[in-house]
$ cat query01.txt   # compact mmCIF, C-alpha atoms
# COMPACT_ATOMS: atom_id res chain seq x y z
CA MET W 1373 12.98 -4.99 -9.88
CA ASN W 1374 12.16 -8.04 -11.85
CA LYS W 1375 9.41 -8.51 -14.39
CA LYS W 1376 7.54 -11.10 -12.30
CA PHE W 1377 7.06 -8.63 -9.46
CA PHE W 1378 5.61 -5.97 -11.74
CA ALA W 1379 3.39 -8.51 -13.47
CA ALA W 1380 2.04 -9.72 -10.11
CA LEU W 1381 1.47 -6.13 -8.98
CA LEU W 1382 -0.38 -5.32 -12.19
CA VAL W 1383 -2.59 -8.40 -11.80
CA MET W 1384 -3.42 -7.46 -8.19
CA ILE W 1385 -4.35 -3.92 -9.20
CA ALA W 1386 -6.47 -5.18 -12.09
CA LEU W 1387 -8.31 -7.65 -9.85
CA GLY W 1388 -8.92 -4.96 -7.23
CA THR W 1389 -10.25 -2.56 -9.82
CA ALA W 1390 -12.46 -5.26 -11.31
CA SER W 1391 -13.89 -6.03 -7.87
CA VAL W 1392 -14.73 -2.36 -7.40
CA PHE W 1393 -16.59 -2.21 -10.70
CA ALA W 1394 -18.28 -5.55 -10.02
CA GLN W 1395 -20.12 -4.02 -7.07
CA SER W 1396 -22.57 -2.54 -9.52
CA ASN W 1397 -24.64 -5.34 -11.00
CA GLY W 1398 -24.52 -4.02 -14.55
CA GLN W 1399 -28.21 -3.14 -14.64
CA PRO W 1400 -29.19 0.45 -15.40
CA PRO W 1401 -30.72 2.17 -12.36
CA ALA W 1402 -34.48 2.67 -12.43
CA ASN W 1403 -34.78 5.78 -10.27
CA GLY W 1404 -32.75 8.51 -8.58
CA ALA W 1405 -32.39 6.62 -5.30
CA GLU W 1406 -30.74 3.70 -7.08
CA VAL W 1407 -28.39 6.10 -8.87
CA ALA W 1408 -27.30 7.62 -5.57
CA ALA W 1409 -26.88 4.20 -3.97
CA SER W 1410 -24.86 2.83 -6.89
CA SER W 1411 -22.55 5.85 -7.03
CA GLU W 1412 -22.11 5.71 -3.27
CA GLY W 1413 -21.16 2.04 -3.49
CA LEU W 1414 -18.74 2.73 -6.32
CA SER W 1415 -17.04 5.58 -4.45
CA SER W 1416 -16.89 3.40 -1.34
CA GLY W 1417 -15.21 0.71 -3.39
CA PHE W 1418 -12.65 3.16 -4.76
CA LYS W 1419 -12.02 4.37 -1.21
CA TYR W 1420 -11.16 0.86 -0.04
CA LEU W 1421 -9.08 0.22 -3.14
CA ALA W 1422 -7.10 3.41 -2.54
CA ALA W 1423 -6.55 2.47 1.11
CA ALA W 1424 -5.34 -0.99 0.12
CA LEU W 1425 -2.95 0.46 -2.44
CA ALA W 1426 -1.61 2.97 0.10
CA VAL W 1427 -0.82 0.24 2.63
CA GLY W 1428 0.41 -2.26 0.05
CA ILE W 1429 2.80 0.04 -1.76
CA ALA W 1430 4.09 1.54 1.50
CA CYS W 1431 4.76 -1.92 2.95
CA ILE W 1432 6.50 -3.12 -0.21
CA GLY W 1433 8.67 0.01 -0.23
CA GLY W 1434 9.39 -0.30 3.49
CA GLY W 1435 10.35 -3.96 3.11
CA MET W 1436 12.71 -3.15 0.27
CA ALA W 1437 14.28 -0.33 2.29
CA VAL W 1438 14.70 -2.48 5.42
CA GLY W 1439 16.30 -5.23 3.34
CA LYS W 1440 18.87 -2.93 1.78
CA ILE W 1441 19.59 -0.96 4.95
CA GLY W 1442 19.75 -4.12 7.07
CA ALA W 1443 22.21 -5.76 4.70
CA ALA W 1444 24.40 -2.67 4.66
CA ALA W 1445 24.21 -2.36 8.45
CA MET W 1446 25.22 -6.00 8.96
CA GLY W 1447 28.14 -5.54 6.58
CA ALA W 1448 29.29 -2.42 8.40
CA MET W 1449 28.92 -4.07 11.81
CA SER W 1450 30.97 -7.07 10.68
CA GLU W 1451 33.86 -4.71 10.01
CA ASN W 1452 33.35 -2.42 12.99
CA ALA W 1453 31.13 -3.53 15.88
CA GLU W 1454 30.85 0.03 17.23
CA LEU W 1455 28.59 1.00 14.32
CA SER W 1456 25.64 -1.04 15.57
CA GLY W 1457 24.20 1.86 17.57
CA LYS W 1458 24.35 4.13 14.53
CA ALA W 1459 22.85 1.66 12.03
CA ILE W 1460 19.79 0.46 13.95
CA PRO W 1461 17.92 3.83 13.87
CA PHE W 1462 18.08 3.85 10.08
CA VAL W 1463 16.32 0.49 9.97
CA GLY W 1464 13.65 1.93 12.27
CA LEU W 1465 13.20 4.91 9.96
CA ALA W 1466 12.68 2.59 7.01
CA GLU W 1467 10.05 0.64 8.97
CA GLY W 1468 8.23 3.92 9.60
CA ILE W 1469 7.31 4.05 5.91
CA CYS W 1470 4.78 1.27 6.54
CA LEU W 1471 3.23 3.22 9.40
CA TRP W 1472 2.77 6.27 7.18
CA GLY W 1473 1.03 4.12 4.59
CA PHE W 1474 -1.28 2.77 7.29
CA LEU W 1475 -2.08 6.30 8.52
CA VAL W 1476 -2.87 7.47 4.99
CA ALA W 1477 -5.17 4.47 4.52
CA LEU W 1478 -6.88 5.16 7.84
CA PHE W 1479 -7.51 8.78 6.84
CA ILE W 1480 -8.86 7.66 3.46
CA ILE W 1481 -11.32 5.28 5.08
CA LEU W 1482 -12.42 7.59 7.90
CA LEU W 1483 -12.70 10.85 5.97

$ encode --input "query01.txt" --output "structure tokens"
Amino acid sequence: MNKKFFAALLVMIALGTASVFAQSNGQPPANGAEVAASSEGLSSGFKYLAAALAVGIACIGGGMAVGKIGAAAMGAMSENAELSGKAIPFVGLAEGICLWGFLVALFIILL
């Protein structure tokens, strides 16, 4: 991986975390109801941040896997055309990583 990718990922995580903390207006709560509401909003923000990270990281990993497997499959099929039936399921398995990330995010949001 290159340094630009990690820098962009770090910036995205920092901006997402800052947006979660920005949901509270910085004022100290006056009573117990405001404390409960502010902590509920903060936990809701962390929930959405966690779901976004689950989908984002799973899709980045799935894309990297599909790229490497697809390139290897095309190279193998250029040498032997009979390998196409054996290589395509591996690409499908790599795409399944994104679906697992989506399911994890769905469970985080719903539960």

$ closest_residue --input "query01.txt" --among "W:Gly1457, W:Ala1477, W:Met1449, W:Val1438" --to "Leu1421 in chain W" --atoms "all atoms listed in the file"
W:Ala1477

$ closest_residue --input "query01.txt" --among "W:Ala1453, W:Ala1386, W:Ala1380, W:Ala1422" --to "Leu1478 in chain W" --atoms "all atoms listed in the file"
W:Ala1422

$ residues_around --input "query01.txt" --residues "Lys1458 in chain W" --least-positions-apart "4" --cutoff "9 Å" --atoms "only C-alpha atoms" --output "list in words"
Ala1445, Glu1454 and Phe1462 of chain W

$ residues_around --input "query01.txt" --residues "Val1427 in chain W" --least-positions-apart "6" --cutoff "10 Å" --atoms "all atoms listed in the file" --output "list in words"
Gly1433, Ile1469, Cys1470, Leu1471, Trp1472, Gly1473, Phe1474, Leu1475, Val1476, Ala1477 and Leu1478 of chain W

$ closest_residue --input "query01.txt" --among "W:Phe1418, W:Phe1378, W:Ala1459, W:Ala1426" --to "Phe1479 in chain W" --atoms "all atoms listed in the file"
W:Ala1426

$ closest_residue --input "query01.txt" --among "W:Gly1417, W:Gly1428, W:Ala1437, W:Ile1481" --to "Leu1465 in chain W" --atoms "only C-alpha atoms"
W:Ala1437

$ axis_aligned_box --input "query01.txt" --around "range 1459-1475 of chain W" --padding-each-side "6 Å" --output "AutoDock Vina command-line options"
--center_x 10.4 --center_y 3.4 --center_z 9.3 --size_x 36.9 --size_y 17.8 --size_z 21.4

$ atom_distance --input "query01.txt" --atom1 "CA of Leu1382 in chain W" --atom2 "CA of Leu1482 in chain W"
26.7 Å
